[in-house]
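Student: query-v9.csv is the file, holding CSV, C-alpha atoms:
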chain,number,residue,atom,x,y,z
W,1,MET,CA,-49.7,2.0,-31.9
W,2,PRO,CA,-48.9,4.0,-28.8
W,3,LYS,CA,-47.6,7.5,-29.1
W,4,ARG,CA,-43.9,8.1,-28.3
W,5,LYS,CA,-43.1,10.8,-25.8
W,6,ALA,CA,-41.3,13.6,-27.4
W,7,THR,CA,-37.8,14.1,-26.1
W,8,THR,CA,-36.6,17.7,-25.8
W,9,ARG,CA,-33.1,18.8,-25.8
W,10,GLN,CA,-33.5,20.0,-22.2
W,11,ALA,CA,-34.4,16.4,-21.1
W,12,ALA,CA,-31.5,14.9,-22.9
W,13,ARG,CA,-28.9,17.0,-21.1
W,14,PRO,CA,-26.9,15.5,-18.2
W,15,ALA,CA,-28.1,16.3,-14.7
W,16,VAL,CA,-24.7,17.4,-13.5
W,17,THR,CA,-21.8,19.0,-15.5
W,18,LYS,CA,-18.4,19.0,-13.9
W,19,LYS,CA,-15.3,20.8,-15.1
W,20,TRP,CA,-11.8,19.5,-14.8
W,21,SER,CA,-8.6,21.4,-14.9
W,22,GLY,CA,-8.3,21.0,-18.6
W,23,GLY,CA,-11.3,23.3,-19.1
W,24,THR,CA,-13.3,20.8,-21.0
W,25,ALA,CA,-16.7,19.9,-19.5
W,26,LYS,CA,-17.4,16.3,-18.5
W,27,SER,CA,-20.9,15.2,-17.8
W,28,SER,CA,-22.1,12.9,-15.1
W,29,THR,CA,-25.6,11.8,-13.9
W,30,ARG,CA,-24.3,10.7,-10.6
W,31,LYS,CA,-24.8,13.1,-7.7
W,32,PRO,CA,-21.9,13.8,-5.3
W,33,THR,CA,-22.2,11.9,-2.0
W,34,THR,CA,-20.9,12.8,1.4
W,35,SER,CA,-19.9,10.3,4.0
W,36,LYS,CA,-21.4,10.8,7.4
W,37,ALA,CA,-20.0,9.0,10.5
W,38,ARG,CA,-23.0,8.0,12.6
W,39,GLY,CA,-22.9,8.8,16.2
W,40,VAL,CA,-19.7,10.8,15.9
W,41,PRO,CA,-19.8,14.6,16.6
W,42,ALA,CA,-18.9,16.7,13.5
W,43,LYS,CA,-15.9,18.2,15.3
W,44,ALA,CA,-14.5,14.7,15.9
W,45,ARG,CA,-14.9,13.7,12.3
W,46,THR,CA,-13.0,16.6,10.8
W,47,THR,CA,-9.3,16.0,11.0
W,48,THR,CA,-6.7,18.1,9.2
W,49,ARG,CA,-4.4,16.1,7.1
W,50,PRO,CA,-0.9,17.2,6.5
W,51,LYS,CA,-0.1,18.9,3.2
W,52,GLN,CA,1.1,16.5,0.5
W,53,ARG,CA,3.3,17.0,-2.5
W,54,ILE,CA,4.2,15.0,-5.6
W,55,ALA,CA,7.0,12.5,-5.2
W,56,VAL,CA,8.8,11.1,-8.2
W,57,SER,CA,11.4,8.3,-7.8
W,58,HIS,CA,13.4,6.7,-10.6
W,59,HIS,CA,15.3,3.4,-10.3
W,60,ARG,CA,18.9,3.9,-9.4
W,61,GLU,CA,21.0,1.0,-8.0
W,62,GLU,CA,22.8,3.3,-5.6
W,63,ASP,CA,19.5,4.1,-3.8
W,64,PHE,CA,19.3,0.6,-2.3
W,65,LYS,CA,20.6,0.9,1.3
W,66,VAL,CA,21.0,-1.5,4.2
W,67,ASP,CA,19.4,1.0,6.6
W,68,GLY,CA,15.9,-0.6,6.9
W,69,LEU,CA,14.2,-2.8,9.4
W,70,ARG,CA,16.0,-6.0,8.5
W,71,ALA,CA,19.8,-6.5,8.0
W,72,TYR,CA,19.2,-9.2,5.3
W,73,ALA,CA,17.5,-6.7,3.0
W,74,LYS,CA,18.3,-3.5,1.1
W,75,TYR,CA,15.7,-0.8,1.0
W,76,ARG,CA,15.0,1.8,-1.7
W,77,ASP,CA,12.8,4.5,-0.3
W,78,LEU,CA,10.4,6.0,-2.8
W,79,GLY,CA,10.1,9.4,-1.1
W,80,ILE,CA,6.4,8.9,-0.1
W,81,ALA,CA,7.0,9.5,3.6
W,82,ASP,CA,8.4,12.9,3.0
W,83,ALA,CA,5.9,13.8,0.4
W,84,THR,CA,2.9,12.8,2.6
W,85,SER,CA,4.4,14.3,5.8
W,86,GLY,CA,4.5,10.8,7.4
W,87,LEU,CA,1.1,9.6,6.3
W,88,ALA,CA,2.5,6.7,4.3
W,89,ARG,CA,5.8,5.0,3.4
W,90,ALA,CA,6.6,3.0,0.2
W,91,HIS,CA,9.8,1.3,-0.5
W,92,VAL,CA,11.2,-1.5,-2.6
W,93,ILE,CA,12.8,-4.2,-0.5
W,94,ARG,CA,15.5,-6.4,-2.1
W,95,PHE,CA,16.3,-9.5,-0.1
W,96,THR,CA,19.9,-10.5,0.0
W,97,GLY,CA,20.5,-14.2,-0.6
W,98,PRO,CA,20.8,-16.9,0.2
W,99,CYS,CA,18.1,-16.9,2.9
W,100,ASN,CA,19.3,-17.8,6.4
W,101,PRO,CA,16.2,-18.9,8.4
W,102,GLU,CA,18.1,-18.4,11.7
W,103,LYS,CA,18.3,-14.7,11.0
W,104,VAL,CA,15.2,-14.2,8.8
W,105,SER,CA,12.4,-16.4,10.4
W,106,LYS,CA,11.5,-14.3,13.4
W,107,LEU,CA,7.9,-14.0,14.4
W,108,HIS,CA,6.9,-10.3,14.7
W,109,PHE,CA,4.2,-7.8,14.1
W,110,HIS,CA,4.1,-4.1,13.1
W,111,ASP,CA,1.9,-1.5,14.8
W,112,VAL,CA,0.5,-0.1,11.6
W,113,ASP,CA,-2.9,1.0,10.2
W,114,PHE,CA,-2.2,-0.6,6.8
W,115,GLN,CA,0.4,-2.8,5.2
W,116,MET,CA,0.5,-4.1,1.6
W,117,VAL,CA,3.2,-6.1,-0.2
W,118,TYR,CA,3.6,-6.8,-3.9
W,119,VAL,CA,6.2,-9.2,-5.2
W,120,LEU,CA,8.2,-7.6,-8.0
W,121,LYS,CA,10.7,-10.4,-8.6
W,122,GLY,CA,11.4,-13.9,-7.3
W,123,TRP,CA,9.4,-15.5,-4.5
W,124,LEU,CA,8.9,-15.5,-0.8
W,125,LYS,CA,7.5,-18.1,1.6
W,126,THR,CA,5.6,-16.4,4.5
W,127,TYR,CA,3.7,-17.3,7.6
W,128,MET,CA,0.8,-15.1,8.7
W,129,GLU,CA,-1.3,-15.8,11.7
W,130,GLY,CA,-4.7,-17.0,10.6
W,131,GLN,CA,-3.4,-17.7,7.1
W,132,GLY,CA,-0.6,-20.2,7.6
W,133,GLU,CA,2.3,-20.7,5.2
W,134,THR,CA,1.9,-19.1,1.8
W,135,LEU,CA,4.2,-19.1,-1.2
W,136,MET,CA,4.2,-15.6,-2.8
W,137,ARG,CA,5.5,-15.4,-6.4
W,138,GLU,CA,6.2,-12.6,-8.8
W,139,GLY,CA,2.9,-10.7,-9.2
W,140,SER,CA,1.5,-11.9,-5.9
W,141,ALA,CA,0.2,-9.3,-3.5
W,142,TRP,CA,-1.2,-9.3,0.0
W,143,THR,CA,-2.3,-7.1,2.9
W,144,GLN,CA,-1.5,-7.7,6.5
W,145,PRO,CA,-4.0,-6.5,9.0
W,146,PRO,CA,-2.7,-4.3,11.8
W,147,ARG,CA,-0.6,-6.2,14.4
W,148,VAL,CA,-1.0,-9.6,12.6
W,149,ARG,CA,1.8,-11.9,13.6
W,150,HIS,CA,3.9,-13.0,10.7
W,151,MET,CA,7.4,-14.0,9.5
W,152,ILE,CA,9.3,-14.7,6.3
W,153,LEU,CA,10.3,-18.4,6.1
W,154,ASP,CA,12.3,-18.4,2.9
W,155,TYR,CA,13.0,-16.4,-0.2
W,156,SER,CA,14.7,-16.7,-3.6
W,157,ASP,CA,18.1,-15.0,-4.1
W,158,ASP,CA,16.5,-12.4,-6.4
W,159,ALA,CA,13.4,-11.6,-4.3
W,160,GLU,CA,12.2,-8.0,-4.5
W,161,VAL,CA,9.0,-6.6,-3.1
W,162,LEU,CA,7.1,-3.2,-3.0
W,163,GLU,CA,5.8,-2.5,0.4
W,164,VAL,CA,3.3,0.3,1.3
W,165,ILE,CA,2.7,1.1,5.0
W,166,LEU,CA,0.6,3.6,6.9
W,167,PRO,CA,1.7,5.5,8.9
W,168,ALA,CA,5.3,6.0,7.7
W,169,ASP,CA,6.8,5.5,11.1
W,170,PHE,CA,5.7,2.5,13.1
W,171,LYS,CA,6.8,0.2,15.8
W,172,THR,CA,7.9,-3.5,15.1
W,173,VAL,CA,7.6,-6.0,17.9
W,174,GLU,CA,9.6,-9.2,17.7
W,175,LEU,CA,8.0,-12.1,19.5
W,176,THR,CA,9.5,-15.3,21.1
W,177,ALA,CA,8.0,-18.5,19.7
Represent the structure contained in this file as structure tokens.

Tutor:
Amino acid sequence: MPKRKATTRQAARPAVTKKWSGGTAKSSTRKPTTSKARGVPAKARTTTRPKQRIAVSHHREEDFKVDGLRAYAKYRDLGIADATSGLARAHVIRFTGPCNPEKVSKLHFHDVDFQMVYVLKGWLKTYMEGQGETLMREGSAWTQPPRVRHMILDYSDDAEVLEVILPADFKTVELTA
């Protein structure tokens, strides 16, 4: 029978010990990694991000305003744009029914870095270039690449979505079919 190697307390300890704000030590055997942009000078890689703060938003009906991009929707801003100094925007969009395709179905794109939509209530039928028509139901989520041409074709009377966009302020370009 082969001899088992003796395990000492020293060998059983984690390689790295990290402390968190609660003061209790957490262990991890993973080493921290750093991302390196290849071929980009160090000065070009370092960008200063604006200071961010905590944003808390509680549901209040009076916060839904008709002051957003589309006249057929009410927007509830979640305070993310202010808290991130314009890095991102998040809002709940409540579509007002019934859907009128003559006003709603306009092909357009947004000049953004990132856009994500999550259906909170109801359903929406969308068209996205490269994807075609898609029915999005409660619980559906999608991302739209920068400048992808898209439009809303139809929606339920109770449709409500959460939209997250980077940067907070962006340009929308309506296109002629």

Student: Quick one, how far is CA of Leu124 in chain W from CA of Asp157 in chain W?

Tutor: 9.8 Å

Student: Taking into account only C-alpha atoms, which residue in the set W:Ala81, W:Val148, W:Val56, W:Val173 is nearest to Gly130 in chain W?

Tutor: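 Selected residue with least distance to Gly130 in chain W: W:Val148.
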
Student: Record the distance separating CA of Leu69 in chain W and CA of Gln144 in chain W, expressed in Å with one decimal.

Tutor: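 Value for the CA of Leu69 in chain W-CA of Gln144 in chain W distance: 16.7 Å.
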
Student: My list of candidates is W:Val104, W:Asp169, W:Glu138, W:Thr47. Which is closest to Thr84 in chain W when distances are computed with all atoms listed in the file?

Tutor: W:Asp169

Student: For Tyr72 in chain W, which residue out of W:Gln131, W:Gln115, W:Thr126, W:Asn100 is the nearest one, using only C-alpha atoms?

Tutor: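 Looking at the shortest contact to Tyr72 in chain W, the residue is W:Asn100.
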